[in-house]
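Novice: Coordinates in start06.cif, mmCIF, C-alpha atoms, are listed below.
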```
data_upload
loop_
_atom_site.group_PDB
_atom_site.id
_atom_site.type_symbol
_atom_site.label_atom_id
_atom_site.label_comp_id
_atom_site.auth_asym_id
_atom_site.auth_seq_id
_atom_site.Cartn_x
_atom_site.Cartn_y
_atom_site.Cartn_z
ATOM 1 C CA MET A 43 0.000 0.000 0.000
ATOM 2 C CA VAL A 44 1.267 3.513 -0.770
ATOM 3 C CA GLU A 45 2.047 6.068 1.947
ATOM 4 C CA HIS A 46 -1.294 7.840 1.438
ATOM 5 C CA PRO A 47 -3.797 5.136 0.563
ATOM 6 C CA SER A 48 -6.900 5.951 -1.434
ATOM 7 C CA ALA A 49 -10.365 5.385 0.015
ATOM 8 C CA GLU A 50 -10.633 2.113 -1.921
ATOM 9 C CA GLU A 51 -7.288 0.894 -0.576
ATOM 10 C CA ALA A 52 -8.254 1.921 2.959
ATOM 11 C CA ALA A 53 -11.599 0.105 2.670
ATOM 12 C CA ARG A 54 -9.800 -2.982 1.323
ATOM 13 C CA ALA A 55 -7.338 -2.877 4.241
ATOM 14 C CA LEU A 56 -10.233 -2.610 6.729
ATOM 15 C CA ARG A 57 -11.980 -5.592 5.129
ATOM 16 C CA ASP A 58 -8.713 -7.541 5.349
ATOM 17 C CA VAL A 59 -8.366 -6.712 9.069
ATOM 18 C CA ASP A 60 -11.900 -8.003 9.692
ATOM 19 C CA ARG A 61 -11.298 -11.102 7.567
ATOM 20 C CA ARG A 62 -8.079 -11.932 9.417
ATOM 21 C CA ARG A 63 -9.753 -11.520 12.807
ATOM 22 C CA ASP A 64 -12.565 -13.853 11.706
ATOM 23 C CA GLN A 65 -9.993 -16.262 10.307
ATOM 24 C CA ALA A 66 -8.156 -16.310 13.640
ATOM 25 C CA LEU A 67 -11.347 -17.137 15.539
ATOM 26 C CA GLY A 68 -12.295 -19.839 13.046
ATOM 27 C CA SER A 69 -8.925 -21.587 13.063
ATOM 28 C CA LEU A 70 -8.706 -22.516 16.716
ATOM 29 C CA HIS A 71 -8.987 -26.233 17.327
ATOM 30 C CA GLY A 72 -7.495 -28.921 19.514
ATOM 31 C CA ALA A 73 -6.181 -32.427 19.012
ATOM 32 C CA LYS A 74 -8.559 -35.287 18.248
ATOM 33 C CA TRP A 75 -7.041 -37.462 20.973
ATOM 34 C CA VAL A 76 -8.235 -34.940 23.583
ATOM 35 C CA ASP A 77 -11.831 -35.334 22.364
ATOM 36 C CA LEU A 78 -11.428 -39.126 22.457
ATOM 37 C CA THR A 79 -10.025 -39.025 26.012
ATOM 38 C CA PHE A 80 -12.831 -36.782 27.244
ATOM 39 C CA ALA A 81 -15.435 -38.957 25.493
ATOM 40 C CA LEU A 82 -14.023 -42.100 27.118
ATOM 41 C CA VAL A 83 -13.879 -40.516 30.585
ATOM 42 C CA ILE A 84 -17.430 -39.124 30.307
ATOM 43 C CA PHE A 85 -18.747 -42.527 29.198
ATOM 44 C CA LEU A 86 -16.902 -44.416 31.961
ATOM 45 C CA CYS A 87 -17.969 -41.947 34.647
ATOM 46 C CA LEU A 88 -21.651 -42.053 33.668
ATOM 47 C CA ALA A 89 -21.661 -45.821 33.069
ATOM 48 C CA SER A 90 -20.096 -46.363 36.506
ATOM 49 C CA THR A 91 -23.226 -44.953 38.191
ATOM 50 C CA ASP A 92 -25.224 -47.849 36.669
ATOM 51 C CA PHE A 93 -22.687 -50.620 37.144
ATOM 52 C CA LEU A 94 -20.753 -49.398 40.212
ATOM 53 C CA PRO A 95 -23.132 -47.186 42.244
ATOM 54 C CA SER A 96 -20.569 -46.911 45.043
ATOM 55 C CA ALA A 97 -18.148 -45.222 42.620
ATOM 56 C CA ALA A 98 -20.480 -42.285 41.878
ATOM 57 C CA GLY A 99 -18.508 -40.016 44.217
ATOM 58 C CA TRP A 100 -15.065 -40.505 42.717
ATOM 59 C CA SER A 101 -16.310 -40.535 39.120
ATOM 60 C CA GLY A 102 -17.650 -36.991 39.571
ATOM 61 C CA LEU A 103 -14.370 -36.008 41.178
ATOM 62 C CA THR A 104 -12.415 -37.511 38.251
ATOM 63 C CA MET A 105 -14.465 -35.458 35.783
ATOM 64 C CA ALA A 106 -13.937 -32.278 37.815
ATOM 65 C CA VAL A 107 -10.165 -32.864 38.100
ATOM 66 C CA LEU A 108 -9.901 -33.611 34.378
ATOM 67 C CA ALA A 109 -11.866 -30.473 33.435
ATOM 68 C CA LEU A 110 -9.799 -28.352 35.831
ATOM 69 C CA GLY A 111 -6.512 -29.815 34.534
ATOM 70 C CA TYR A 112 -7.621 -29.201 30.949
ATOM 71 C CA GLY A 113 -8.510 -25.596 31.747
ATOM 72 C CA LEU A 114 -5.205 -24.987 33.520
ATOM 73 C CA LEU A 115 -3.153 -26.605 30.736
ATOM 74 C CA LEU A 116 -4.896 -24.431 28.137
ATOM 75 C CA ARG A 117 -3.746 -21.327 30.000
ATOM 76 C CA THR A 118 -0.079 -22.113 29.404
ATOM 77 C CA ARG A 119 1.668 -22.078 26.017
ATOM 78 C CA ARG A 120 3.332 -25.456 26.492
ATOM 79 C CA GLY A 121 0.219 -27.098 27.927
ATOM 80 C CA ALA A 122 -1.958 -25.796 25.105
ATOM 81 C CA ALA A 123 0.605 -26.921 22.513
ATOM 82 C CA TRP A 124 0.599 -30.370 24.117
ATOM 83 C CA LEU A 125 -3.216 -30.435 23.787
ATOM 84 C CA GLY A 126 -2.940 -29.485 20.108
ATOM 85 C CA HIS A 127 -3.893 -25.814 20.412
ATOM 86 C CA SER A 128 -1.747 -23.517 18.290
ATOM 87 C CA ALA A 129 -3.226 -20.276 19.587
ATOM 88 C CA ARG A 130 -5.235 -18.942 22.498
ATOM 89 C CA VAL A 131 -8.110 -16.640 21.739
ATOM 90 C CA ASP A 132 -8.012 -13.233 23.386
ATOM 91 C CA ARG A 133 -10.999 -12.771 25.681
ATOM 92 C CA SER A 134 -11.475 -9.224 24.435
ATOM 93 C CA ALA A 135 -12.078 -10.658 20.936
ATOM 94 C CA ILE A 136 -15.202 -12.453 22.218
ATOM 95 C CA PRO A 137 -18.228 -10.137 22.348
ATOM 96 C CA PRO A 138 -19.770 -9.852 25.859
ATOM 97 C CA ARG A 139 -23.237 -10.672 24.506
ATOM 98 C CA PHE A 140 -21.899 -14.014 23.213
ATOM 99 C CA VAL A 141 -20.464 -14.820 26.671
ATOM 100 C CA LEU A 142 -23.813 -13.813 28.200
ATOM 101 C CA GLY A 143 -25.625 -16.092 25.722
ATOM 102 C CA VAL A 144 -23.411 -19.066 26.625
ATOM 103 C CA TRP A 145 -24.015 -18.456 30.347
ATOM 104 C CA LEU A 146 -27.784 -18.213 29.763
ATOM 105 C CA VAL A 147 -27.765 -21.559 27.897
ATOM 106 C CA PHE A 148 -25.688 -23.128 30.690
ATOM 107 C CA VAL A 149 -28.074 -21.834 33.390
ATOM 108 C CA ALA A 150 -31.096 -23.006 31.353
ATOM 109 C CA VAL A 151 -29.635 -26.536 30.998
ATOM 110 C CA CYS A 152 -28.858 -26.676 34.759
ATOM 111 C CA ALA A 153 -32.357 -25.423 35.591
ATOM 112 C CA ALA A 154 -33.915 -28.022 33.271
ATOM 113 C CA MET A 155 -31.871 -30.800 34.939
ATOM 114 C CA PHE A 156 -33.002 -29.690 38.405
ATOM 115 C CA ALA A 157 -36.605 -29.398 37.206
ATOM 116 C CA VAL A 158 -36.595 -32.964 35.838
ATOM 117 C CA ARG A 159 -34.902 -34.451 38.951
ATOM 118 C CA PRO A 160 -38.011 -34.645 41.226
ATOM 119 C CA LEU A 161 -39.913 -36.600 38.554
ATOM 120 C CA HIS A 162 -37.738 -39.681 39.332
ATOM 121 C CA VAL A 163 -37.887 -40.951 35.778
ATOM 122 C CA GLN A 164 -36.250 -44.399 35.811
ATOM 123 C CA ILE A 165 -34.752 -45.478 32.497
ATOM 124 C CA PRO A 166 -32.827 -48.763 32.641
ATOM 125 C CA TYR A 167 -29.111 -47.986 32.181
ATOM 126 C CA GLY A 168 -30.090 -44.366 31.629
ATOM 127 C CA SER A 169 -26.695 -43.010 32.697
ATOM 128 C CA THR A 170 -24.846 -45.455 30.424
ATOM 129 C CA ILE A 171 -27.031 -44.447 27.486
ATOM 130 C CA MET A 172 -26.505 -40.776 28.324
ATOM 131 C CA GLY A 173 -22.720 -41.354 28.569
ATOM 132 C CA ALA A 174 -22.645 -43.153 25.214
ATOM 133 C CA VAL A 175 -24.669 -40.378 23.531
ATOM 134 C CA LEU A 176 -22.470 -37.618 24.982
ATOM 135 C CA ALA A 177 -19.280 -39.509 24.037
ATOM 136 C CA ILE A 178 -20.466 -40.062 20.452
ATOM 137 C CA VAL A 179 -21.552 -36.418 20.145
ATOM 138 C CA LEU A 180 -18.145 -35.284 21.403
ATOM 139 C CA VAL A 181 -16.140 -37.566 19.108
ATOM 140 C CA VAL A 182 -18.256 -37.149 15.969
ATOM 141 C CA PHE A 183 -19.425 -33.557 16.304
ATOM 142 C CA GLY A 184 -16.765 -32.054 18.625
ATOM 143 C CA GLN A 185 -14.915 -30.212 15.860
ATOM 144 C CA HIS A 186 -18.220 -29.167 14.206
ATOM 145 C CA LEU A 187 -19.503 -27.815 17.521
ATOM 146 C CA ARG A 188 -16.325 -25.788 18.002
ATOM 147 C CA ARG A 189 -16.547 -24.457 14.450
ATOM 148 C CA GLY A 190 -20.206 -23.576 15.075
ATOM 149 C CA LEU A 191 -19.293 -21.705 18.251
ATOM 150 C CA ALA A 192 -16.534 -19.837 16.393
ATOM 151 C CA ALA A 193 -19.035 -18.905 13.665
ATOM 152 C CA LEU A 194 -21.446 -17.617 16.333
ATOM 153 C CA VAL A 195 -18.652 -15.538 17.876
ATOM 154 C CA ARG A 196 -17.792 -14.129 14.438
ATOM 155 C CA ARG A 197 -21.438 -13.333 13.700
ATOM 156 C CA SER A 198 -22.037 -11.593 17.019
ATOM 157 C CA ARG A 199 -18.733 -9.706 16.615
ATOM 158 C CA SER A 200 -19.463 -8.510 13.092
ATOM 159 C CA GLY A 201 -22.911 -7.358 14.261
ATOM 160 C CA GLY A 202 -21.342 -5.170 16.936
ATOM 161 C CA ALA A 203 -18.143 -3.903 15.321
ATOM 162 C CA ALA A 204 -18.008 -3.487 11.594
ATOM 163 C CA ASP A 205 -15.259 -2.213 9.323
ATOM 164 C CA GLY A 206 -12.328 -3.121 11.477
ATOM 165 C CA HIS A 207 -13.325 -1.199 14.589
ATOM 166 C CA ALA A 208 -11.517 -2.651 17.581
ATOM 167 C CA MET B 163 -8.077 17.336 3.638
ATOM 168 C CA ALA B 164 -6.210 16.318 6.825
ATOM 169 C CA THR B 165 -4.041 13.209 6.528
ATOM 170 C CA PRO B 166 -4.796 10.759 9.341
ATOM 171 C CA ASP B 167 -1.973 9.191 11.361
ATOM 172 C CA LEU B 168 -1.307 5.970 9.523
ATOM 173 C CA ASP B 169 1.347 3.612 10.843
ATOM 174 C CA PRO B 170 3.944 3.237 8.057
ATOM 175 C CA LEU B 171 4.789 -0.255 9.274
ATOM 176 C CA LEU B 172 1.170 -1.395 8.982
ATOM 177 C CA LEU B 173 0.717 0.012 5.481
ATOM 178 C CA ASP B 174 2.223 -3.237 4.233
ATOM 179 C CA PRO B 175 -0.732 -5.640 3.709
ATOM 180 C CA THR B 176 1.225 -8.697 4.911
ATOM 181 C CA ARG B 177 2.271 -7.029 8.159
ATOM 182 C CA LEU B 178 -1.277 -5.738 8.659
ATOM 183 C CA SER B 179 -2.602 -9.295 8.175
ATOM 184 C CA ILE B 180 -0.159 -10.689 10.741
ATOM 185 C CA VAL B 181 -1.041 -8.005 13.293
ATOM 186 C CA ALA B 182 -4.790 -8.438 12.681
ATOM 187 C CA LEU B 183 -4.463 -12.210 13.185
ATOM 188 C CA LEU B 184 -2.499 -11.772 16.398
ATOM 189 C CA ALA B 185 -4.956 -9.128 17.658
ATOM 190 C CA SER B 186 -7.603 -11.839 18.234
ATOM 191 C CA THR B 187 -5.238 -14.057 20.202
ATOM 192 C CA GLU B 188 -3.361 -13.875 23.488
ATOM 193 C CA TRP B 189 -0.561 -15.777 21.775
ATOM 194 C CA ALA B 190 -0.162 -17.901 18.691
ATOM 195 C CA GLU B 191 2.377 -20.376 17.401
ATOM 196 C CA PHE B 192 4.657 -19.249 14.592
ATOM 197 C CA ARG B 193 3.518 -22.079 12.292
ATOM 198 C CA TRP B 194 -0.180 -21.237 12.895
ATOM 199 C CA VAL B 195 0.421 -17.658 11.735
ATOM 200 C CA ARG B 196 2.586 -18.915 8.845
ATOM 201 C CA ASP B 197 -0.163 -21.269 7.617
ATOM 202 C CA LEU B 198 -2.954 -18.685 7.878
ATOM 203 C CA VAL B 199 -1.013 -15.859 6.238
ATOM 204 C CA GLY B 200 0.439 -18.225 3.644
ATOM 205 C CA LEU B 201 4.087 -17.275 3.954
ATOM 206 C CA SER B 202 7.277 -19.298 4.061
ATOM 207 C CA ASP B 203 9.158 -19.631 7.350
ATOM 208 C CA SER B 204 11.843 -17.179 6.240
ATOM 209 C CA ALA B 205 9.382 -14.595 4.874
ATOM 210 C CA LEU B 206 7.324 -14.656 8.079
ATOM 211 C CA SER B 207 10.479 -14.518 10.189
ATOM 212 C CA LYS B 208 11.548 -11.368 8.322
ATOM 213 C CA GLN B 209 8.145 -9.726 8.840
ATOM 214 C CA ILE B 210 8.139 -10.681 12.521
ATOM 215 C CA THR B 211 11.582 -9.094 12.934
ATOM 216 C CA ASN B 212 10.207 -5.899 11.370
ATOM 217 C CA LEU B 213 7.269 -5.947 13.793
ATOM 218 C CA ALA B 214 9.378 -6.923 16.818
ATOM 219 C CA ASN B 215 11.860 -4.055 16.342
ATOM 220 C CA PRO B 216 9.370 -1.309 17.376
ATOM 221 C CA GLY B 217 7.972 -3.670 20.020
ATOM 222 C CA TYR B 218 4.662 -4.507 18.303
ATOM 223 C CA VAL B 219 5.206 -8.260 18.473
ATOM 224 C CA GLU B 220 6.861 -10.257 21.234
ATOM 225 C CA VAL B 221 8.577 -13.541 20.450
ATOM 226 C CA LYS B 222 9.041 -16.396 22.914
ATOM 227 C CA LYS B 223 10.876 -19.610 22.154
ATOM 228 C CA GLY B 224 10.619 -22.911 23.959
ATOM 229 C CA TYR B 225 10.267 -26.655 23.677
ATOM 230 C CA VAL B 226 7.260 -28.948 23.878
ATOM 231 C CA GLY B 227 8.769 -32.362 24.417
ATOM 232 C CA LYS B 228 11.757 -32.362 22.090
ATOM 233 C CA ARG B 229 10.176 -30.078 19.503
ATOM 234 C CA PRO B 230 11.162 -26.420 19.400
ATOM 235 C CA ARG B 231 8.261 -23.954 19.274
ATOM 236 C CA THR B 232 8.023 -20.223 18.730
ATOM 237 C CA TRP B 233 5.117 -18.264 20.140
ATOM 238 C CA LEU B 234 4.124 -14.779 19.044
ATOM 239 C CA ASN B 235 1.955 -12.251 20.771
ATOM 240 C CA LEU B 236 0.872 -8.734 20.004
ATOM 241 C CA SER B 237 2.135 -6.364 22.683
ATOM 242 C CA ASP B 238 0.097 -3.507 24.152
ATOM 243 C CA SER B 239 1.878 -1.084 21.823
ATOM 244 C CA GLY B 240 1.013 -3.394 18.911
ATOM 245 C CA HIS B 241 -2.679 -3.380 19.896
ATOM 246 C CA GLN B 242 -2.535 0.392 20.244
ATOM 247 C CA ALA B 243 -0.839 0.786 16.841
ATOM 248 C CA LEU B 244 -3.461 -1.417 15.163
ATOM 249 C CA ARG B 245 -6.331 0.518 16.775
ATOM 250 C CA ALA B 246 -4.816 3.838 15.650
ATOM 251 C CA HIS B 247 -4.157 2.519 12.149
ATOM 252 C CA VAL B 248 -7.703 1.125 11.791
ATOM 253 C CA ALA B 249 -9.106 4.446 13.059
ATOM 254 C CA ALA B 250 -6.996 6.294 10.465
ATOM 255 C CA LEU B 251 -8.179 3.968 7.684
ATOM 256 C CA ASN B 252 -11.784 4.511 8.796
ATOM 257 C CA GLN B 253 -11.168 8.246 8.723
ATOM 258 C CA ILE B 254 -9.945 8.046 5.100
ATOM 259 C CA VAL B 255 -13.050 6.088 4.078
ATOM 260 C CA GLU B 256 -15.367 8.471 5.933
ATOM 261 C CA GLN B 257 -13.656 11.561 4.472
ATOM 262 C CA SER B 258 -14.068 10.103 1.002
ATOM 263 C CA GLN B 259 -17.738 9.332 1.632
ATOM 264 C CA ARG B 260 -18.337 12.853 2.978
ATOM 265 C CA ALA B 261 -16.532 14.392 0.003
ATOM 266 C CA GLY B 262 -18.618 12.237 -2.349
ATOM 267 C CA SER B 263 -21.937 13.245 -0.793
ATOM 268 C CA THR B 264 -20.927 16.961 -0.757
ATOM 269 C CA HIS B 265 -19.908 16.714 -4.413
ATOM 270 C CA ARG B 266 -23.255 15.119 -5.316
ATOM 271 C CA ALA B 267 -25.162 17.830 -3.366
ATOM 272 C CA GLU B 268 -23.289 20.610 -5.200
ATOM 273 C CA GLU B 269 -23.960 19.126 -8.656
ATOM 274 C CA PRO B 270 -26.722 20.993 -10.524
ATOM 275 C CA SER B 271 -29.779 18.817 -11.054
ATOM 276 C CA ALA B 272 -30.426 17.817 -14.683
#
```
Taking this structure as input, can you express it in the form of structure tokens?
Specialist:
Amino acid sequence: MVEHPSAEEAARALRDVDRRRDQALGSLHGAKWVDLTFALVIFLCLASTDFLPSAAGWSGLTMAVLALGYGLLLRTRRGAAWLGHSARVDRSAIPPRFVLGVWLVFVAVCAAMFAVRPLHVQIPYGSTIMGAVLAIVLVVFGQHLRRGLAALVRRSRSGGAADGHA
Amino acid sequence: MATPDLDPLLLDPTRLSIVALLASTEWAEFRWVRDLVGLSDSALSKQITNLANPGYVEVKKGYVGKRPRTWLNLSDSGHQALRAHVAALNQIVEQSQRAGSTHRAEEPSA
């Protein structure tokens, strides 16, 4: 670009800045083996409540420790690289309304689970079935779900800040 | 027409792309940036040196297992430079749009 860009060149540069930011958000993914490990652990933990009811306590603890360890590893460069992440998204790049939306969905799911609990619906091997479904969803659709989330972030970002505004 | 404060370093489209990519991340691996920008190792290394000299990009090297890795991150001054540059580019576009609408308003109707 020349020292004094024309309006067309400036507009092109702004579009490129937006495109690169979207590209960065859309190119963040982890290793497949991490999805497989999480899927296996989720299945084993949920299946254990059907087959080993006494193990319900430690299976929940295992899940919590694994999730915490994953979160902590992602915060460090070496840990994230080990988990197959080549970059860490900047929190400021995620629009607050997207974060609010994710929290609302999370609260709604928790509320729905608590609402269903008193009904005492007994499905034979319900936890095992739930574990298998969650594990399959994670393995088969894990990458698609992440791409979908990235697309949602991009959409909510472009709605709030157009033309390269930071 | 006033000339906005454009950053001469960011007038280069490749450098602007690298900075824009890094602006959405806390840090990124060298090869991730290389693949997305579509440069060779040496070409990206040269651009990173240009951006690291004024302190826009910080470079950290390390190992994961036995493999060497290089991580890049946009410094606060880099973020600031990008914001100022984008604001200047916006100003150019807006000035052009204003000039265009004034020109159309001054044209005698047929």
Novice: Based on all atoms listed in the file, which of the residues in chain A come within 6 Å of chain B? I want them as a PyMOL selection string.
Specialist: chain A and resi 43+49+52+59+62-63+66+120+128-132+135
Novice: For segment 170-179 of chain A, list every protein, DNA or RNA residue within 12 Å, evaluated using only C-alpha atoms, and leave out those in the same chain fewer than 6 positions away; present the list as JSON, numbers by chain.
Specialist: {"A": [76, 77, 78, 79, 80, 81, 82, 83, 84, 85, 86, 87, 88, 89, 90, 91, 92, 93, 94, 185, 186, 187]}
Novice: Apply the PyMOL selection byres ((chain A and resi 124) around 9) to the structure shown and report the selected residues as a PyMOL selection string.
Specialist: (chain A and resi 73+115+119-123+125-127) or (chain B and resi 226-227)
Novice: Grab the atom CA of Asn212 of chain B to atom CA of Glu45 of chain A distance for me, in Å with one decimal place.
Specialist: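 Calculated distance between atom CA of Asn212 of chain B and atom CA of Glu45 of chain A is 17.3 Å.
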Novice: Tell me which of B:Ala267, B:Leu213, B:Tyr218, B:Thr176 sits closest to Gly200 of chain B, counting all atoms listed in the file.
Specialist: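 Using all atoms listed in the file, Gly200 of chain B sits closest to B:Thr176.
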Novice: One number please: atom CA of Ile136 of chain A to atom CA of Gly111 of chain A, in Å, one decimal.
Specialist: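 Interatomic distance, atom CA of Ile136 of chain A to atom CA of Gly111 of chain A: 23.0 Å.
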Novice: Mind giving me the straight-line distance from atom CA of Ser69 of chain A to atom CA of Arg197 of chain A in Å, one decimal?
Specialist: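 Pair atom CA of Ser69 of chain A / atom CA of Arg197 of chain A returns 15.0 Å.
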Novice: Go through B:Arg266, B:Lys228, B:Arg177, B:Arg260 and flag the residue nearest Leu201 of chain B, using all atoms listed in the file for the distances.
Specialist: B:Arg177
Novice: Give me, as a PyMOL selection string, all polymer residues having an atom no more than 12 Å from Leu142 of chain A, counting all atoms listed in the file and skipping those fewer than 6 positions away in the same chain.
Specialist: chain A and resi 136+148-149+195+198
